[in-house]
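Q: Just dropping this structure here.
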Amino acid sequence: MADHHVQGSVAFICTAKEAALIEEAWQHAADLDDELAPGNPSAEFLAAFPPVELGNPFNGLLAIFDDPRFPQFSAELRVTGADPCRVSIYGDSDFKPDAIAALIQRCCRQTLGEAPIGFTWSYGSSRPRPEDTGGGWCAIFADRIEFSETAEGLSKALQPAADPWSDHPFHPVSDWRTEVANDATCLGYLDWIAVRQSSAGAAP
């Protein structure tokens, strides 16, 4: 039997208010996971994690976890500095990219409005096999979160490169060369195809 682990880390600069909101959400999640009564939520917390049901001010926070019964980030949180602050989140056993990305997006609206935040993670096992190793990356924007895995990038990189001079079935190279010779276009072949497709209403 193999032991599996996910390792990851993210460090970024944000405002003191954003860092304080991250710390509050982190503490509420820890209390809920330990089945302790969380402290009173702040107005900022309720705005960032609006309750999805009446009567429980924390179910908006619980919704960012894959399993709301176990609100675990499985990582360490460290905040240093005054304003701005440096926030570091890191874990070496069961790092939760989805929940951590959602936490950052909910708490750091101002910072994400200026620039996105990204991080990577890796996963492996005590008995490494090709299917048990890999990793991925996450890019957090104010309006979305993007994920991709290492295997996807590798698969694309291993695909043979398309031959830019191979004839398009509806826009052959000979037609493009004729237009170039007649000074009808100064575009490269692939750009010329894109323009013709656009002019034809995105026909093939």
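Starting from 1 in every chain, residues are counted up; chains themselves are A, B, ... following the order of the structure tokens, and ligands are numbered from 1 as listed.
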Using only C-alpha atoms, which residues sit within 7 Å of Tyr90 in chain A once same-chain residues fewer than 5 positions away are excluded, as an MDAnalysis selection string?

A: chainID A and resid 8:10 75:77

Q: Go ahead and save the picked residues with all heavy atoms, as a JSON list (two decimals), in the first residue's frame.

A:
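Wrote it out as again_27.json, contents follow:
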```json
[["chain", "number", "residue", "atom", "x", "y", "z"],
["A", 8, "GLY", "N", 2.50, 21.76, -1.90],
["A", 8, "GLY", "CA", 2.33, 23.01, -2.62],
["A", 8, "GLY", "C", 2.60, 24.20, -1.73],
["A", 8, "GLY", "O", 2.66, 24.08, -0.50],
["A", 9, "SER", "N", 2.75, 25.35, -2.34],
["A", 9, "SER", "CA", 2.96, 26.58, -1.58],
["A", 9, "SER", "C", 2.62, 27.78, -2.44],
["A", 9, "SER", "O", 2.68, 27.72, -3.67],
["A", 9, "SER", "CB", 4.41, 26.70, -1.09],
["A", 9, "SER", "OG", 5.29, 26.85, -2.19],
["A", 10, "VAL", "N", 2.22, 28.84, -1.76],
["A", 10, "VAL", "CA", 1.94, 30.10, -2.44],
["A", 10, "VAL", "C", 2.33, 31.23, -1.50],
["A", 10, "VAL", "O", 2.10, 31.14, -0.29],
["A", 10, "VAL", "CB", 0.46, 30.22, -2.86],
["A", 10, "VAL", "CG1", -0.48, 30.00, -1.69],
["A", 10, "VAL", "CG2", 0.17, 31.57, -3.53],
["A", 75, "ALA", "N", -2.65, 22.78, 5.32],
["A", 75, "ALA", "CA", -1.47, 23.61, 5.07],
["A", 75, "ALA", "C", -1.24, 24.51, 6.27],
["A", 75, "ALA", "O", -2.04, 24.57, 7.20],
["A", 75, "ALA", "CB", -1.67, 24.44, 3.81],
["A", 76, "GLU", "N", -0.11, 25.19, 6.24],
["A", 76, "GLU", "CA", 0.24, 26.17, 7.28],
["A", 76, "GLU", "C", 0.06, 27.57, 6.71],
["A", 76, "GLU", "O", 0.29, 27.80, 5.51],
["A", 76, "GLU", "CB", 1.69, 25.98, 7.72],
["A", 76, "GLU", "CG", 1.99, 24.60, 8.32],
["A", 76, "GLU", "CD", 1.29, 24.37, 9.64],
["A", 76, "GLU", "OE1", 1.08, 25.36, 10.39],
["A", 76, "GLU", "OE2", 0.93, 23.22, 9.92],
["A", 77, "LEU", "N", -0.35, 28.48, 7.56],
["A", 77, "LEU", "CA", -0.53, 29.87, 7.17],
["A", 77, "LEU", "C", 0.43, 30.75, 7.95],
["A", 77, "LEU", "O", 0.55, 30.62, 9.17],
["A", 77, "LEU", "CB", -1.97, 30.33, 7.44],
["A", 77, "LEU", "CG", -2.25, 31.83, 7.30],
["A", 77, "LEU", "CD1", -2.10, 32.28, 5.85],
["A", 77, "LEU", "CD2", -3.64, 32.16, 7.84]]
```

Q: Extract the full set of alpha helix (DSSP H) residues from range 57-146 of chain A according to DSSP on the backbone, and format it as a count of residues only.

A: 21

Q: Per DSSP on the backbone, what are the strand (DSSP E) residues of chain A, as an NGL selection string?

A: :A and (4-14 or 76-80 or 85-91 or 117-125 or 134-140 or 145-149)

Q: Would you mind listing what lies within 10 Å of Ala16 in chain A as an mmCIF file with C-alpha atoms, in the first residue's frame, with only C-alpha atoms counted and same-chain residues fewer than 5 positions away left out?

A:
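File selection-v1.cif, as written:
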```cif
data_model
loop_
_atom_site.group_PDB
_atom_site.id
_atom_site.type_symbol
_atom_site.label_atom_id
_atom_site.label_comp_id
_atom_site.auth_asym_id
_atom_site.auth_seq_id
_atom_site.Cartn_x
_atom_site.Cartn_y
_atom_site.Cartn_z
ATOM 1 C CA LEU A 21 -9.642 38.341 6.483
ATOM 2 C CA ILE A 22 -7.593 35.326 5.416
ATOM 3 C CA VAL A 79 1.465 36.330 7.730
ATOM 4 C CA THR A 80 4.346 38.783 8.137
ATOM 5 C CA GLY A 81 4.729 42.516 7.712
ATOM 6 C CA ALA A 82 2.427 45.378 8.583
ATOM 7 C CA ASP A 83 0.769 46.913 5.535
ATOM 8 C CA PRO A 84 1.261 45.535 2.981
ATOM 9 C CA CYS A 85 1.588 42.008 4.360
ATOM 10 C CA ARG A 86 3.250 38.917 3.003
ATOM 11 C CA VAL A 87 1.034 35.831 3.162
#
```

Q: Set the distance at 8 Å and use only C-alpha atoms: which residues neighbour range 131-148 of chain A once local chain neighbours fewer than 4 positions away are removed? I'd like the list as an MDAnalysis selection string.

A: chainID A and resid 4 97 101:102 104:105 109 112:113 115:125 152:153

Q: Which residue gives the smallest distance to Leu62 in chain A among A:Phe49, A:Ala151, A:Ala43, A:Thr185, with only C-alpha atoms counted?

A: A:Phe49

Q: Please provide as number ranges by chain all residues within 10 Å of range 51-60 of chain A, with the sequence filter that same-chain residues fewer than 2 positions apart are discarded (counting only C-alpha atoms).

A: A: 25, 28-29, 32, 38, 40-41, 45-49, 62-65, 68

Q: With N, CA, C and O atoms retained, export the selected residues as a PDB file, in the first residue's frame.

A:
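And here is the file that came out, result-v6.pdb:
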```pdb
ATOM      1  N   ALA A  25     -10.866  33.725   8.279  1.00  0.00           N
ATOM      2  CA  ALA A  25     -11.475  32.579   7.610  1.00  0.00           C
ATOM      3  C   ALA A  25     -10.737  31.292   7.959  1.00  0.00           C
ATOM      4  O   ALA A  25     -11.353  30.236   8.172  1.00  0.00           O
ATOM      5  N   HIS A  28     -11.792  30.273  11.511  1.00  0.00           N
ATOM      6  CA  HIS A  28     -13.152  29.735  11.517  1.00  0.00           C
ATOM      7  C   HIS A  28     -13.157  28.303  10.971  1.00  0.00           C
ATOM      8  O   HIS A  28     -13.831  27.425  11.523  1.00  0.00           O
ATOM      9  N   ALA A  29     -12.430  28.068   9.878  1.00  0.00           N
ATOM     10  CA  ALA A  29     -12.382  26.732   9.294  1.00  0.00           C
ATOM     11  C   ALA A  29     -11.768  25.736  10.277  1.00  0.00           C
ATOM     12  O   ALA A  29     -12.261  24.605  10.422  1.00  0.00           O
ATOM     13  N   LEU A  32     -14.305  24.952  13.035  1.00  0.00           N
ATOM     14  CA  LEU A  32     -15.374  24.090  12.535  1.00  0.00           C
ATOM     15  C   LEU A  32     -14.872  22.661  12.330  1.00  0.00           C
ATOM     16  O   LEU A  32     -15.582  21.697  12.624  1.00  0.00           O
ATOM     17  N   PRO A  38     -17.088  28.512  16.531  1.00  0.00           N
ATOM     18  CA  PRO A  38     -16.270  29.612  15.997  1.00  0.00           C
ATOM     19  C   PRO A  38     -16.655  30.939  16.644  1.00  0.00           C
ATOM     20  O   PRO A  38     -17.752  31.095  17.174  1.00  0.00           O
ATOM     21  N   ASN A  40     -17.488  35.080  16.577  1.00  0.00           N
ATOM     22  CA  ASN A  40     -18.453  35.837  15.779  1.00  0.00           C
ATOM     23  C   ASN A  40     -17.805  36.295  14.467  1.00  0.00           C
ATOM     24  O   ASN A  40     -16.712  36.870  14.479  1.00  0.00           O
ATOM     25  N   PRO A  41     -18.473  36.057  13.351  1.00  0.00           N
ATOM     26  CA  PRO A  41     -17.902  36.484  12.061  1.00  0.00           C
ATOM     27  C   PRO A  41     -17.981  37.989  11.895  1.00  0.00           C
ATOM     28  O   PRO A  41     -18.944  38.627  12.327  1.00  0.00           O
ATOM     29  N   PHE A  45     -16.024  39.302   6.699  1.00  0.00           N
ATOM     30  CA  PHE A  45     -16.089  37.864   6.450  1.00  0.00           C
ATOM     31  C   PHE A  45     -17.409  37.493   5.784  1.00  0.00           C
ATOM     32  O   PHE A  45     -17.437  36.725   4.809  1.00  0.00           O
ATOM     33  N   LEU A  46     -18.516  38.007   6.302  1.00  0.00           N
ATOM     34  CA  LEU A  46     -19.828  37.679   5.750  1.00  0.00           C
ATOM     35  C   LEU A  46     -19.983  38.200   4.326  1.00  0.00           C
ATOM     36  O   LEU A  46     -20.670  37.594   3.503  1.00  0.00           O
ATOM     37  N   ALA A  47     -19.314  39.310   4.013  1.00  0.00           N
ATOM     38  CA  ALA A  47     -19.357  39.834   2.650  1.00  0.00           C
ATOM     39  C   ALA A  47     -18.547  38.954   1.696  1.00  0.00           C
ATOM     40  O   ALA A  47     -18.929  38.762   0.534  1.00  0.00           O
ATOM     41  N   ALA A  48     -17.433  38.430   2.188  1.00  0.00           N
ATOM     42  CA  ALA A  48     -16.574  37.582   1.352  1.00  0.00           C
ATOM     43  C   ALA A  48     -17.128  36.173   1.205  1.00  0.00           C
ATOM     44  O   ALA A  48     -16.952  35.526   0.173  1.00  0.00           O
ATOM     45  N   PHE A  49     -17.793  35.684   2.264  1.00  0.00           N
ATOM     46  CA  PHE A  49     -18.348  34.327   2.266  1.00  0.00           C
ATOM     47  C   PHE A  49     -19.832  34.406   2.626  1.00  0.00           C
ATOM     48  O   PHE A  49     -20.238  33.964   3.703  1.00  0.00           O
ATOM     49  N   LEU A  62     -17.858  27.098   4.229  1.00  0.00           N
ATOM     50  CA  LEU A  62     -17.822  25.647   4.046  1.00  0.00           C
ATOM     51  C   LEU A  62     -17.992  25.255   2.586  1.00  0.00           C
ATOM     52  O   LEU A  62     -17.490  24.219   2.152  1.00  0.00           O
ATOM     53  N   ALA A  63     -18.672  26.112   1.807  1.00  0.00           N
ATOM     54  CA  ALA A  63     -18.942  25.792   0.411  1.00  0.00           C
ATOM     55  C   ALA A  63     -17.690  25.758  -0.453  1.00  0.00           C
ATOM     56  O   ALA A  63     -17.718  25.199  -1.556  1.00  0.00           O
ATOM     57  N   ILE A  64     -16.577  26.330   0.002  1.00  0.00           N
ATOM     58  CA  ILE A  64     -15.364  26.330  -0.833  1.00  0.00           C
ATOM     59  C   ILE A  64     -14.608  25.018  -0.729  1.00  0.00           C
ATOM     60  O   ILE A  64     -13.660  24.788  -1.488  1.00  0.00           O
ATOM     61  N   PHE A  65     -15.006  24.147   0.190  1.00  0.00           N
ATOM     62  CA  PHE A  65     -14.318  22.865   0.368  1.00  0.00           C
ATOM     63  C   PHE A  65     -15.029  21.765  -0.409  1.00  0.00           C
ATOM     64  O   PHE A  65     -16.248  21.782  -0.557  1.00  0.00           O
ATOM     65  N   PRO A  68     -17.803  19.754   2.729  1.00  0.00           N
ATOM     66  CA  PRO A  68     -18.023  20.742   3.792  1.00  0.00           C
ATOM     67  C   PRO A  68     -17.923  20.162   5.201  1.00  0.00           C
ATOM     68  O   PRO A  68     -17.748  20.918   6.160  1.00  0.00           O
TER      69      PRO A  68
END
```

Q: Tell me, in Å to one decimal, how far CA of Ala184 in chain A is from CA of Asp167 in chain A.

A: 19.2 Å

Q: Check the smallest atom-to-atom distance from each of A:Ser126, A:Gln7, A:Ser155, A:Ser198 to Phe95 in chain A using only C-alpha atoms, then report the winner.

A: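 Smallest distance to Phe95 in chain A is found for A:Gln7.
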
Q: Can you tell me which residues surround range 187-189 of chain A at a distance of at most 12 Å, considering only C-alpha atoms, apart from same-chain residues fewer than 4 positions away, and format the answer as JSON, numbers by chain?

A: {"A": [163, 164, 165, 166, 167, 168, 171, 172, 173, 174, 175, 176, 177, 178, 179, 180, 181, 183, 193, 194, 195, 196]}

Q: List as a PDB file with N, CA and C atoms, in the first residue's frame the protein and nucleic acid residues near Cys108 in chain A, meaning an atom at most 8 Å away when only C-alpha atoms are counted, but skip any in the same chain fewer than 5 places from it.

A:
```
ATOM      1  N   CYS A  14      -0.321  41.347  -0.004  1.00  0.00           N
ATOM      2  CA  CYS A  14      -1.676  41.877  -0.036  1.00  0.00           C
ATOM      3  C   CYS A  14      -1.825  42.944   1.044  1.00  0.00           C
ATOM      4  N   GLU A  18      -6.869  42.471   3.899  1.00  0.00           N
ATOM      5  CA  GLU A  18      -7.026  41.187   3.213  1.00  0.00           C
ATOM      6  C   GLU A  18      -6.361  40.067   3.996  1.00  0.00           C
ATOM      7  N   ALA A  19      -5.172  40.336   4.525  1.00  0.00           N
ATOM      8  CA  ALA A  19      -4.470  39.331   5.321  1.00  0.00           C
ATOM      9  C   ALA A  19      -5.275  38.980   6.576  1.00  0.00           C
TER      10      ALA A  19
END
```
